[in-house]
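Raw input_4.txt, compact mmCIF, C-alpha atoms:
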```
# COMPACT_ATOMS: atom_id res chain seq x y z
CA MET A 11 0.00 0.00 0.00
CA VAL A 12 1.33 3.40 -1.02
CA ASP A 13 0.63 6.18 1.45
CA PRO A 14 0.08 8.97 0.55
CA LEU A 15 -2.04 8.35 -2.54
CA ARG A 16 -2.26 10.85 -5.38
CA VAL A 17 -5.21 9.87 -7.55
CA LEU A 18 -6.42 10.80 -11.03
CA VAL A 19 -10.03 9.86 -11.89
CA ILE A 20 -10.85 9.64 -15.60
CA GLY A 21 -14.38 10.64 -16.65
CA SER A 22 -16.92 13.39 -16.14
CA GLY A 23 -20.21 11.81 -15.07
CA GLY A 24 -22.05 11.02 -11.87
CA ARG A 25 -20.13 7.79 -11.34
CA GLU A 26 -16.81 9.67 -11.48
CA HIS A 27 -17.98 12.38 -9.07
CA ALA A 28 -19.19 9.67 -6.68
CA LEU A 29 -15.80 7.95 -6.94
CA SER A 30 -13.98 11.22 -6.33
CA LEU A 31 -16.16 11.97 -3.31
CA ALA A 32 -15.49 8.55 -1.78
CA LEU A 33 -11.78 8.86 -2.52
CA SER A 34 -11.71 12.26 -0.82
CA ARG A 35 -12.90 10.59 2.41
CA ASP A 36 -9.88 8.23 2.45
CA PRO A 37 -7.19 9.69 4.75
CA ALA A 38 -4.49 8.13 2.55
CA VAL A 39 -5.60 10.22 -0.46
CA VAL A 40 -3.77 13.55 -0.24
CA GLU A 41 -4.24 14.74 -3.80
CA LEU A 42 -7.22 14.30 -6.12
CA HIS A 43 -7.50 15.09 -9.82
CA ALA A 44 -10.22 14.48 -12.40
CA ALA A 45 -10.04 14.51 -16.19
CA PRO A 46 -12.11 16.04 -17.57
CA GLY A 47 -14.22 16.07 -14.39
CA ASN A 48 -17.26 18.20 -13.61
CA PRO A 49 -18.19 20.95 -11.11
CA GLY A 50 -18.61 18.33 -8.38
CA SER A 51 -15.10 16.97 -8.75
CA ALA A 52 -13.72 20.51 -9.08
CA ALA A 53 -14.86 21.16 -5.52
CA LEU A 54 -12.80 18.19 -4.34
CA GLY A 55 -9.58 18.65 -6.29
CA THR A 56 -8.37 19.81 -9.71
CA ASN A 57 -10.03 19.22 -13.07
CA HIS A 58 -8.03 18.81 -16.27
CA ALA A 59 -9.62 19.36 -19.69
CA ILE A 60 -8.28 16.45 -21.75
CA ASP A 61 -9.65 13.79 -24.08
CA PRO A 62 -10.31 10.78 -21.80
CA LEU A 63 -10.23 8.40 -24.80
CA ASP A 64 -6.61 9.20 -25.67
CA GLY A 65 -4.42 6.83 -23.67
CA ALA A 66 -1.20 8.74 -24.37
CA VAL A 67 -2.74 12.02 -23.24
CA VAL A 68 -4.08 10.42 -20.06
CA ALA A 69 -0.74 8.76 -19.32
CA ASN A 70 1.16 12.00 -19.98
CA LEU A 71 -1.13 13.87 -17.58
CA ALA A 72 -0.72 11.20 -14.90
CA THR A 73 3.06 11.35 -15.29
CA ARG A 74 3.16 15.14 -15.17
CA LEU A 75 0.97 15.23 -12.04
CA GLY A 76 3.02 12.53 -10.32
CA VAL A 77 -0.04 10.50 -9.37
CA ASN A 78 0.41 6.92 -8.20
CA LEU A 79 -3.11 5.68 -8.99
CA VAL A 80 -5.33 6.26 -12.03
CA VAL A 81 -8.99 5.23 -11.82
CA VAL A 82 -10.71 4.90 -15.20
CA GLY A 83 -14.45 5.37 -14.77
CA PRO A 84 -16.31 5.06 -18.10
CA GLU A 85 -16.46 2.07 -20.42
CA ALA A 86 -15.34 3.84 -23.61
CA PRO A 87 -11.79 4.67 -22.38
CA LEU A 88 -11.44 1.14 -21.03
CA VAL A 89 -12.42 -0.47 -24.33
CA ALA A 90 -10.08 2.02 -26.07
CA GLY A 91 -7.15 0.70 -24.00
CA VAL A 92 -6.46 3.73 -21.80
CA ALA A 93 -5.65 1.50 -18.81
CA ASP A 94 -3.07 -0.40 -20.89
CA VAL A 95 -1.18 2.77 -21.79
CA VAL A 96 -1.20 4.03 -18.19
CA ARG A 97 0.18 0.72 -16.89
CA GLU A 98 2.87 0.74 -19.56
CA ARG A 99 4.14 3.96 -17.96
CA GLY A 100 4.53 2.13 -14.65
CA ILE A 101 1.53 3.80 -12.96
CA ALA A 102 -0.98 1.69 -11.06
CA CYS A 103 -4.36 1.78 -12.82
CA PHE A 104 -7.75 0.58 -11.63
CA GLY A 105 -9.57 -0.67 -14.70
CA PRO A 106 -9.29 -3.65 -17.05
CA SER A 107 -7.19 -3.88 -20.18
CA ALA A 108 -8.80 -3.36 -23.56
CA ALA A 109 -8.82 -7.12 -24.07
CA ALA A 110 -10.52 -7.79 -20.73
CA ALA A 111 -12.95 -4.88 -21.18
CA GLN A 112 -14.47 -6.81 -24.09
CA LEU A 113 -16.66 -8.38 -21.40
CA GLU A 114 -18.62 -5.15 -21.81
CA GLY A 115 -17.46 -4.15 -25.27
CA SER A 116 -18.93 -7.26 -26.89
CA LYS A 117 -22.08 -9.02 -25.73
CA ALA A 118 -21.12 -12.02 -27.88
CA PHE A 119 -17.71 -12.28 -26.23
CA ALA A 120 -19.29 -12.07 -22.77
CA LYS A 121 -21.63 -14.94 -23.67
CA GLN A 122 -18.68 -17.03 -24.85
CA VAL A 123 -16.82 -16.43 -21.59
CA MET A 124 -19.90 -17.28 -19.52
CA ALA A 125 -20.39 -20.51 -21.45
CA ALA A 126 -16.78 -21.54 -20.90
CA ALA A 127 -16.93 -20.62 -17.21
CA GLY A 128 -20.27 -22.33 -16.55
CA VAL A 129 -21.90 -19.06 -15.52
CA PRO A 130 -25.73 -19.18 -15.56
CA THR A 131 -27.23 -16.82 -18.14
CA ALA A 132 -30.02 -16.61 -20.70
CA ARG A 133 -29.96 -18.78 -23.80
CA SER A 134 -28.95 -16.66 -26.78
CA ARG A 135 -28.03 -16.48 -30.46
CA GLU A 136 -25.55 -14.24 -32.28
CA CYS A 137 -27.11 -12.74 -35.42
CA VAL A 138 -25.72 -10.75 -38.35
CA THR A 139 -28.35 -11.41 -41.04
CA HIS A 140 -32.06 -10.73 -41.30
CA ASP A 141 -32.81 -14.45 -41.52
CA GLN A 142 -30.81 -15.19 -38.38
CA VAL A 143 -32.67 -12.43 -36.54
CA GLU A 144 -36.06 -13.78 -37.57
CA GLN A 145 -35.12 -17.33 -36.59
CA ALA A 146 -33.84 -16.26 -33.15
CA LEU A 147 -36.93 -14.17 -32.44
CA SER A 148 -39.13 -17.14 -33.32
CA GLU A 149 -37.04 -19.47 -31.16
CA PHE A 150 -37.24 -17.39 -27.98
CA GLY A 151 -40.57 -15.62 -28.47
CA ALA A 152 -41.86 -12.48 -26.79
CA PRO A 153 -40.86 -10.45 -24.91
CA PHE A 154 -38.04 -10.02 -27.44
CA VAL A 155 -34.60 -9.13 -26.09
CA VAL A 156 -32.24 -7.68 -28.72
CA LYS A 157 -28.79 -6.40 -27.75
CA ASP A 158 -26.32 -4.52 -29.89
CA ASP A 159 -23.07 -6.48 -29.66
CA GLY A 160 -20.95 -3.36 -29.12
CA LEU A 161 -20.96 -0.33 -26.86
CA ALA A 162 -24.05 1.79 -27.42
CA ALA A 163 -24.03 4.32 -24.56
CA GLY A 164 -26.90 2.60 -22.77
CA LYS A 165 -29.09 2.58 -25.89
CA GLY A 166 -28.15 -0.79 -27.34
CA VAL A 167 -30.76 -3.01 -25.68
CA VAL A 168 -34.39 -3.29 -26.73
CA VAL A 169 -36.93 -5.34 -24.77
CA THR A 170 -40.29 -5.33 -26.51
CA ASN A 171 -43.37 -7.35 -27.36
CA ASP A 172 -43.43 -5.70 -30.79
CA ARG A 173 -41.62 -8.00 -33.21
CA ARG A 174 -41.30 -5.27 -35.86
CA SER A 175 -39.50 -3.00 -33.37
CA ALA A 176 -37.21 -5.87 -32.41
CA VAL A 177 -36.32 -6.56 -36.05
CA ASP A 178 -35.79 -2.88 -36.83
CA HIS A 179 -33.39 -2.49 -33.89
CA ALA A 180 -31.46 -5.59 -34.90
CA LEU A 181 -31.07 -4.41 -38.48
CA ARG A 182 -29.67 -1.07 -37.31
CA CYS A 183 -26.81 -2.93 -35.60
CA ARG A 184 -23.88 -4.69 -37.25
CA ARG A 185 -24.19 -7.69 -34.96
CA VAL A 186 -26.72 -8.45 -32.24
CA VAL A 187 -27.25 -10.96 -29.49
CA ILE A 188 -30.86 -12.12 -29.23
CA GLU A 189 -31.74 -13.98 -26.07
CA GLU A 190 -34.58 -15.37 -24.05
CA PHE A 191 -36.33 -13.00 -21.67
CA LEU A 192 -35.42 -13.52 -18.03
CA ASP A 193 -38.39 -13.06 -15.73
CA GLY A 194 -37.63 -11.87 -12.20
CA PRO A 195 -36.36 -8.84 -10.30
CA GLU A 196 -33.07 -7.41 -11.54
CA VAL A 197 -30.14 -6.77 -9.21
CA SER A 198 -26.74 -5.18 -9.70
CA LEU A 199 -23.75 -6.74 -7.98
CA PHE A 200 -20.25 -5.30 -8.35
CA GLY A 201 -17.03 -7.16 -7.68
CA ILE A 202 -13.67 -5.44 -7.17
CA THR A 203 -10.90 -7.73 -8.40
CA ASP A 204 -7.17 -7.81 -9.06
CA GLY A 205 -7.55 -10.62 -11.60
CA HIS A 206 -7.50 -13.38 -8.96
CA THR A 207 -9.25 -12.31 -5.76
CA VAL A 208 -12.78 -10.84 -5.76
CA ARG A 209 -14.30 -8.58 -3.12
CA PRO A 210 -18.05 -8.15 -3.75
CA LEU A 211 -19.92 -4.99 -2.91
CA GLN A 212 -23.43 -5.17 -1.49
CA PRO A 213 -26.30 -5.71 -3.94
CA ALA A 214 -28.14 -2.69 -5.31
CA GLN A 215 -31.11 -2.17 -7.60
CA ASP A 216 -31.50 0.53 -10.23
CA PHE A 217 -34.47 1.82 -12.23
CA LYS A 218 -33.95 2.03 -15.99
CA ARG A 219 -37.32 3.14 -17.34
CA VAL A 220 -37.87 6.87 -17.52
CA GLY A 221 -41.33 6.92 -15.94
CA ASP A 222 -43.00 5.89 -12.69
CA GLY A 223 -44.14 2.30 -12.60
CA ASP A 224 -41.34 1.32 -14.98
CA THR A 225 -42.99 2.97 -17.96
CA GLY A 226 -41.48 4.62 -21.01
CA PRO A 227 -38.14 4.06 -22.73
CA ASN A 228 -34.95 2.81 -21.12
CA THR A 229 -32.47 5.33 -19.75
CA GLY A 230 -29.02 5.24 -18.24
CA GLY A 231 -30.74 4.95 -14.86
CA MET A 232 -33.23 7.13 -12.96
CA GLY A 233 -32.29 6.05 -9.44
CA ALA A 234 -31.00 3.24 -7.25
CA TYR A 235 -30.92 2.04 -3.67
CA THR A 236 -29.11 -0.31 -1.32
CA PRO A 237 -29.40 -2.61 0.62
CA LEU A 238 -32.15 -4.85 -0.77
CA PRO A 239 -34.37 -6.04 2.09
CA TRP A 240 -36.15 -8.55 -0.13
CA ALA A 241 -33.03 -10.25 -1.54
CA PRO A 242 -31.45 -13.39 -0.01
CA ASP A 243 -28.94 -12.59 2.72
CA ASP A 244 -26.28 -14.68 0.99
CA LEU A 245 -26.80 -13.22 -2.49
CA ALA A 246 -23.38 -11.56 -2.68
CA GLU A 247 -21.65 -14.76 -1.59
CA GLU A 248 -23.64 -16.88 -4.06
CA VAL A 249 -22.96 -14.55 -6.98
CA THR A 250 -19.27 -14.37 -6.12
CA ARG A 251 -19.10 -18.16 -6.10
CA THR A 252 -21.18 -18.86 -9.20
CA VAL A 253 -20.64 -15.77 -11.38
CA LEU A 254 -17.82 -13.39 -10.46
CA GLN A 255 -15.05 -15.81 -9.46
CA PRO A 256 -15.64 -18.27 -12.34
CA THR A 257 -15.58 -15.38 -14.82
CA ILE A 258 -12.37 -13.95 -13.37
CA ASP A 259 -10.79 -17.41 -13.43
CA GLU A 260 -11.81 -17.95 -17.06
CA MET A 261 -10.40 -14.58 -18.11
CA ALA A 262 -7.10 -15.45 -16.42
CA ARG A 263 -7.08 -18.85 -18.15
CA ARG A 264 -7.45 -17.09 -21.50
CA GLY A 265 -4.40 -14.94 -20.80
CA THR A 266 -6.46 -11.74 -20.48
CA PRO A 267 -6.83 -11.30 -16.72
CA PHE A 268 -9.59 -8.91 -15.65
CA SER A 269 -8.47 -6.37 -13.05
CA GLY A 270 -10.85 -3.63 -11.98
CA LEU A 271 -14.60 -3.61 -11.40
CA LEU A 272 -16.72 -6.42 -12.80
CA TYR A 273 -20.38 -5.45 -12.83
CA ALA A 274 -22.89 -8.28 -12.97
CA GLY A 275 -26.42 -7.33 -13.95
CA LEU A 276 -28.56 -10.19 -12.64
CA ALA A 277 -32.09 -11.53 -12.83
CA LEU A 278 -33.35 -13.49 -9.84
CA THR A 279 -35.51 -15.97 -11.73
CA ALA A 280 -37.62 -18.88 -10.49
CA ASP A 281 -34.75 -21.11 -11.65
CA GLY A 282 -32.08 -19.17 -9.78
CA VAL A 283 -29.64 -16.34 -10.46
CA ARG A 284 -29.00 -15.57 -14.15
CA VAL A 285 -26.61 -13.02 -15.63
CA VAL A 286 -28.32 -10.39 -17.79
CA GLU A 287 -25.13 -8.54 -18.70
CA PHE A 288 -21.57 -7.76 -17.66
CA ASN A 289 -20.06 -4.30 -17.48
CA ALA A 290 -16.39 -3.53 -17.00
CA ARG A 291 -16.77 -0.56 -14.65
CA PHE A 292 -18.81 0.86 -11.80
CA GLY A 293 -22.49 1.15 -12.71
CA ASP A 294 -24.31 4.47 -12.73
CA PRO A 295 -26.43 5.30 -10.70
CA GLU A 296 -25.88 2.30 -8.36
CA THR A 297 -22.37 3.55 -7.51
CA GLN A 298 -23.78 6.65 -5.83
CA PRO A 299 -25.72 4.96 -2.98
CA LEU A 300 -23.21 2.11 -2.68
CA LEU A 301 -20.21 4.35 -2.12
CA ALA A 302 -22.21 6.54 0.23
CA ARG A 303 -22.47 3.53 2.58
CA LEU A 304 -18.98 2.10 2.09
CA VAL A 305 -16.82 2.44 5.21
CA THR A 306 -13.69 0.74 3.82
CA PRO A 307 -11.30 3.46 2.55
CA LEU A 308 -11.72 3.45 -1.22
CA GLY A 309 -8.26 4.64 -2.26
CA GLY A 310 -6.44 1.82 -0.54
CA LEU A 311 -8.96 -0.71 -1.83
CA LEU A 312 -8.62 0.36 -5.47
CA TYR A 313 -4.83 0.57 -5.19
CA ALA A 314 -4.69 -2.99 -3.82
CA ALA A 315 -6.79 -4.20 -6.77
CA ALA A 316 -4.62 -2.30 -9.24
CA THR A 317 -1.40 -3.79 -7.85
CA GLY A 318 -2.47 -7.41 -7.35
CA GLU A 319 -2.64 -7.19 -3.55
CA LEU A 320 -6.37 -7.56 -2.99
CA ALA A 321 -6.05 -10.86 -1.12
CA ALA A 322 -4.29 -8.98 1.70
CA GLN A 323 -7.29 -6.65 2.10
CA PRO A 324 -10.02 -7.51 4.63
CA GLU A 325 -13.63 -7.98 3.59
CA LEU A 326 -15.41 -4.73 2.87
CA GLU A 327 -16.99 -2.84 5.75
CA TRP A 328 -20.37 -1.16 5.36
CA GLY A 329 -22.22 1.44 7.35
CA SER A 330 -25.58 0.59 8.85
CA GLY A 331 -28.76 1.94 7.36
CA ALA A 332 -29.64 2.58 3.72
CA ALA A 333 -29.00 4.93 0.82
CA VAL A 334 -31.37 5.97 -1.96
CA ALA A 335 -30.33 7.92 -5.07
CA VAL A 336 -32.86 9.83 -7.18
CA VAL A 337 -31.80 11.26 -10.55
CA LEU A 338 -32.85 14.73 -11.70
CA ALA A 339 -33.20 14.62 -15.50
CA ALA A 340 -33.36 17.43 -18.03
CA GLN A 341 -36.42 18.15 -20.13
CA GLY A 342 -36.38 15.90 -23.21
CA TYR A 343 -34.38 13.07 -21.67
CA PRO A 344 -33.83 10.27 -22.74
CA GLY A 345 -34.23 11.86 -26.17
CA THR A 346 -32.51 15.16 -26.89
CA PRO A 347 -32.15 16.88 -23.51
CA ARG A 348 -32.54 20.59 -23.02
CA THR A 349 -29.23 22.01 -21.79
CA GLY A 350 -28.07 25.38 -20.49
CA GLY A 351 -30.69 25.81 -17.76
CA VAL A 352 -29.57 27.41 -14.51
CA ILE A 353 -29.62 25.08 -11.48
CA THR A 354 -30.37 26.50 -8.03
CA GLY A 355 -31.31 25.25 -4.58
CA LEU A 356 -28.35 22.95 -3.90
CA ASP A 357 -27.58 24.45 -0.49
CA ALA A 358 -31.14 23.82 0.69
CA ALA A 359 -31.02 20.34 -0.83
CA THR A 360 -28.05 19.34 1.32
CA SER A 361 -29.34 20.81 4.57
CA ASN A 362 -30.71 17.43 5.74
CA GLY A 363 -27.48 15.55 5.08
CA SER A 364 -28.29 14.43 1.55
CA VAL A 365 -25.42 14.29 -0.94
CA ILE A 366 -25.55 15.90 -4.39
CA ILE A 367 -23.72 14.05 -7.16
CA HIS A 368 -23.01 16.02 -10.32
CA ALA A 369 -23.45 14.27 -13.67
CA GLY A 370 -24.54 16.52 -16.56
CA THR A 371 -23.52 19.91 -15.18
CA THR A 372 -21.09 22.67 -16.04
CA VAL A 373 -20.47 26.31 -15.12
CA ASP A 374 -21.22 29.16 -17.54
CA ALA A 375 -19.20 32.33 -18.10
CA GLN A 376 -21.09 34.10 -15.32
CA GLY A 377 -20.29 31.34 -12.82
CA HIS A 378 -23.79 29.87 -12.78
CA LEU A 379 -24.21 26.12 -12.44
CA ILE A 380 -26.07 24.97 -15.57
CA SER A 381 -27.30 21.71 -17.05
CA ALA A 382 -25.12 20.04 -19.68
CA GLY A 383 -26.63 16.60 -20.19
CA GLY A 384 -29.64 14.36 -19.83
CA ARG A 385 -29.07 13.10 -16.31
CA VAL A 386 -28.12 16.28 -14.52
CA LEU A 387 -27.75 15.40 -10.83
CA ALA A 388 -28.33 12.54 -8.44
CA VAL A 389 -29.51 13.21 -4.91
CA VAL A 390 -28.46 10.56 -2.39
CA GLY A 391 -30.45 10.35 0.83
CA LEU A 392 -29.10 8.44 3.83
CA GLY A 393 -31.06 7.02 6.71
CA ASP A 394 -31.46 4.25 9.23
CA ASP A 395 -33.69 2.41 6.77
CA ILE A 396 -34.90 2.75 3.19
CA GLU A 397 -37.99 4.74 4.15
CA GLU A 398 -35.93 7.37 5.96
CA ALA A 399 -33.26 7.50 3.25
CA ARG A 400 -35.90 7.78 0.57
CA GLY A 401 -37.72 10.54 2.41
CA ARG A 402 -34.55 12.60 2.70
CA ALA A 403 -33.68 12.10 -0.97
CA TYR A 404 -37.10 13.28 -2.12
CA THR A 405 -37.19 16.20 0.30
CA SER A 406 -33.81 17.29 -1.03
CA ILE A 407 -34.53 16.90 -4.72
CA GLY A 408 -37.68 18.95 -4.22
CA GLU A 409 -35.48 21.90 -3.25
CA ILE A 410 -33.62 21.93 -6.58
CA GLN A 411 -34.83 24.20 -9.36
CA LEU A 412 -34.11 23.54 -13.04
CA ASP A 413 -36.69 24.62 -15.58
CA GLY A 414 -38.35 21.63 -17.25
CA SER A 415 -36.52 19.02 -15.16
CA PHE A 416 -38.20 15.93 -13.77
CA TYR A 417 -37.56 12.81 -11.69
CA ARG A 418 -39.24 9.53 -10.90
CA ARG A 419 -41.36 9.57 -7.76
CA ASP A 420 -41.24 5.85 -7.03
CA ILE A 421 -37.55 5.04 -6.56
CA ALA A 422 -37.29 2.37 -3.81
CA ALA A 423 -40.98 2.82 -2.96
CA ALA A 424 -41.79 -0.89 -3.02
CA ALA A 425 -38.72 -1.72 -0.91
CA ALA A 426 -39.68 0.92 1.64
CA ARG A 427 -43.21 -0.51 1.90
CA LEU A 428 -41.76 -3.97 2.38
CA VAL A 429 -39.64 -2.82 5.31
CA VAL A 430 -42.51 -0.92 6.91
CA SER A 431 -44.88 -3.87 6.60
```
With the file now loaded, output its structure as structure tokens.
Amino acid sequence: MVDPLRVLVIGSGGREHALSLALSRDPAVVELHAAPGNPGSAALGTNHAIDPLDGAVVANLATRLGVNLVVVGPEAPLVAGVADVVRERGIACFGPSAAAAQLEGSKAFAKQVMAAAGVPTARSRECVTHDQVEQALSEFGAPFVVKDDGLAAGKGVVVTNDRRSAVDHALRCRRVVIEEFLDGPEVSLFGITDGHTVRPLQPAQDFKRVGDGDTGPNTGGMGAYTPLPWAPDDLAEEVTRTVLQPTIDEMARRGTPFSGLLYAGLALTADGVRVVEFNARFGDPETQPLLARLVTPLGGLLYAAATGELAAQPELEWGSGAAVAVVLAAQGYPGTPRTGGVITGLDAATSNGSVIIHAGTTVDAQGHLISAGGRVLAVVGLGDDIEEARGRAYTSIGEIQLDGSFYRRDIAAAAARLVVS
């Protein structure tokens, strides 16, 4: 373990601000940088306006700053090989290689790895022609699940009962994976790994549909909460045993060890846990409530994973209680969002202890905080239980003013009712 830690976080969204905030709470972290960062990370350290997809530029910045840990947040820089270039410079980097990041970069590759590792997942077919698409849709039936094989910025998956829509989406993609629909509640489980050892985080659940009651189109995520009072107590242990560790072992066997954050999107079906998807980085918005409850110092944890020393780290420690994140979205999201609106009310929003995570924000020439994306902010409420955490999150988000903005009103509502009953 290096102490002190000087850390550079790559990315500019809510996940990266949440990472920076958690890193800032680690006493070993004495210097914090973000590239390109956002107004939230600027309040914690120094932002640097660079292209996060250019590995040489990122590595040059890390060298110039003298940092000893780089944390790559988004999937696109990971698939582009930014972590490889940083490691070639002799700097510890949390994030998988380009080869290992194909677990997210290619749905077909992820399916192949799961098959080799014996990981439970949905039956599927890879399709490149119209005939193959039609055959796969007939084989699995409705609801139809069609996934773009490559990265699609959260817009590559269509789940629909309309066969025409399923076909149209497939034909817009170069290659798709069509699979059977998995019926059951979905759960996110993250595993921090150094390529051998895995340390699971607690389960979380996010809300993808834009509207209350899970209506409307899919989004990058409208909110999330943790813990899950309705999930099995041993879910993290089971998923580590049956999903995360076998996948990590298979990647090592292939000569492309996965070091970083392995995100397992899961369905808890009547037949057991099934993997819906893998991601190669922290999920957004689940990261926000998860890191709000994490007691284990994050800097030391990520450095241990980046340097192959995770086995020497104790199991993760969590605070009691619950955390609920609610996303404030701009008018027009998830289509073309309205940007440039002035955001006010943040001081009042944090008066009850809630945490504001910046995502799509920037500062204009007059110094006003303005919207700059579809998902603008996430408000994280903390409490002794989900009901209390949820109440604080909604009280806080109600204090924020942004013309035309909106948010879901039912994040974690069912879980709160379950606890109360």
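Between Pro324 of chain A and the candidates A:Val286, A:Leu311, A:Val386, A:Leu238, the tightest atom-to-atom separation, counting only C-alpha atoms, involves A:Leu311.
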Q. Residues at most 9 Å from Asn48 of chain A, counting only C-alpha atoms, excluding those fewer than 2 positions away in the same chain, as a list in words?
A. Gly21, Ser22, Gly23, Gly24, Glu26, His27, Ala44, Ala45, Pro46, Gly50, Ser51, Ala52, Ala53, Asn57, His368, Ala369, Gly370, Thr371, Thr372 and Val373 of chain A
List every residue of segment 220-285 of chain A that has an atom at most 12 Å from any atom of segment 164-174 of chain A, giving for each one its closest atom pair and the distance in Å to one decimal, counting all atoms listed in the file, sorted by chain and then by ascending residue number, as CSV.
```
residue,atom,partner,partner_atom,distance
A:Gly226,CA,A:Thr170,CA,11.4
A:Pro227,CA,A:Val168,CA,9.2
A:Asn228,CA,A:Lys165,CA,7.6
A:Thr229,CA,A:Gly164,CA,6.9
A:Gly230,CA,A:Gly164,CA,5.7
A:Gly231,CA,A:Gly164,CA,9.1
```
Q: For atom CA of Glu248 of chain A and atom CA of Leu278 of chain A, determine how far apart the two atoms are, in Å to one decimal place.
A: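 Interatomic distance here is 11.8 Å.
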Q: Excluding Gln112 of chain A and any residue of its chain fewer than 2 positions from it, enumerate the residues within 10 Å of it, using all atoms listed in the file, and give them as JSON, numbers by chain.
A: {"A": [85, 88, 89, 106, 107, 108, 109, 110, 114, 115, 116, 117, 118, 119, 120, 160, 161, 268, 288, 289, 290]}
Q: Considering all atoms listed in the file, state which residue in the set A:Thr56, A:Gln212, A:Thr266, A:Thr279 is at the smallest distance from Pro239 of chain A.
A: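 Going through A:Thr56, A:Gln212, A:Thr266, A:Thr279 one by one, the smallest distance to Pro239 of chain A is for A:Gln212.
Nearest-residue note for Asp374 of chain A: choosing from A:Leu304, A:Ile353, A:Leu29, A:Ala333, the minimum distance belongs to A:Ile353, counting only C-alpha atoms.
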Q: Would you list the contacts of segment 393-402 of chain A as number ranges by chain, taking every protein, DNA or RNA residue within 12 Å and counting all atoms listed in the file, but skipping same-chain residues closer than 4 positions in sequence?
A: A: 233-240, 299, 302-303, 329-336, 358-366, 389, 406-409, 419-431
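The space between atom CA of Arg97 of chain A and atom CA of Gln255 of chain A spans 23.7 Å.
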Q: Kindly give the distance, in Å, that separates atom CA of Thr250 of chain A and atom CA of Val156 of chain A, rounded to a single decimal.
A: 26.9 Å
Q: Extract, using all atoms listed in the file, all DNA, RNA and protein residues at most 9 Å from Leu326 of chain A, discarding same-chain residues fewer than 2 positions from it, and format them as a PyMOL selection string.
A: chain A and resi 209-211+304-306+311+323-324+328
Restricting the output to C-alpha atoms, write the selected residues as a PDB file, in the coordinates of the input.
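The result, stored in again35.pdb:
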```pdb
ATOM      1  CA  ARG A 209     -14.300  -8.580  -3.120  1.00  0.00           C
ATOM      2  CA  PRO A 210     -18.050  -8.150  -3.750  1.00  0.00           C
ATOM      3  CA  LEU A 211     -19.920  -4.990  -2.910  1.00  0.00           C
ATOM      4  CA  LEU A 304     -18.980   2.100   2.090  1.00  0.00           C
ATOM      5  CA  VAL A 305     -16.820   2.440   5.210  1.00  0.00           C
ATOM      6  CA  THR A 306     -13.690   0.740   3.820  1.00  0.00           C
ATOM      7  CA  LEU A 311      -8.960  -0.710  -1.830  1.00  0.00           C
ATOM      8  CA  GLN A 323      -7.290  -6.650   2.100  1.00  0.00           C
ATOM      9  CA  PRO A 324     -10.020  -7.510   4.630  1.00  0.00           C
ATOM     10  CA  TRP A 328     -20.370  -1.160   5.360  1.00  0.00           C
TER      11      TRP A 328
END
```
Q) If we count only C-alpha atoms, what is near segment 183-195 of chain A at a cut-off of 10 Å, once residues fewer than 3 positions away on the same chain are taken out, given as a PyMOL selection string? A) chain A and resi 116-118+121+131-139+142-147+149-160+162+166-170+176+178-180+215+241+276-286
Q) Given the choices A:Arg263, A:Tyr273, A:Gly384, A:Leu181, which gets closest to His140 of chain A if the distance is worked out from all atoms listed in the file? A)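 Under the stated criterion, the closest residue is A:Leu181.
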Q. For Ala314 of chain A, which residue among A:Asp204, A:Asp243, A:Asp216, A:Asp259 is the nearest when counting only C-alpha atoms?
A. A:Asp204
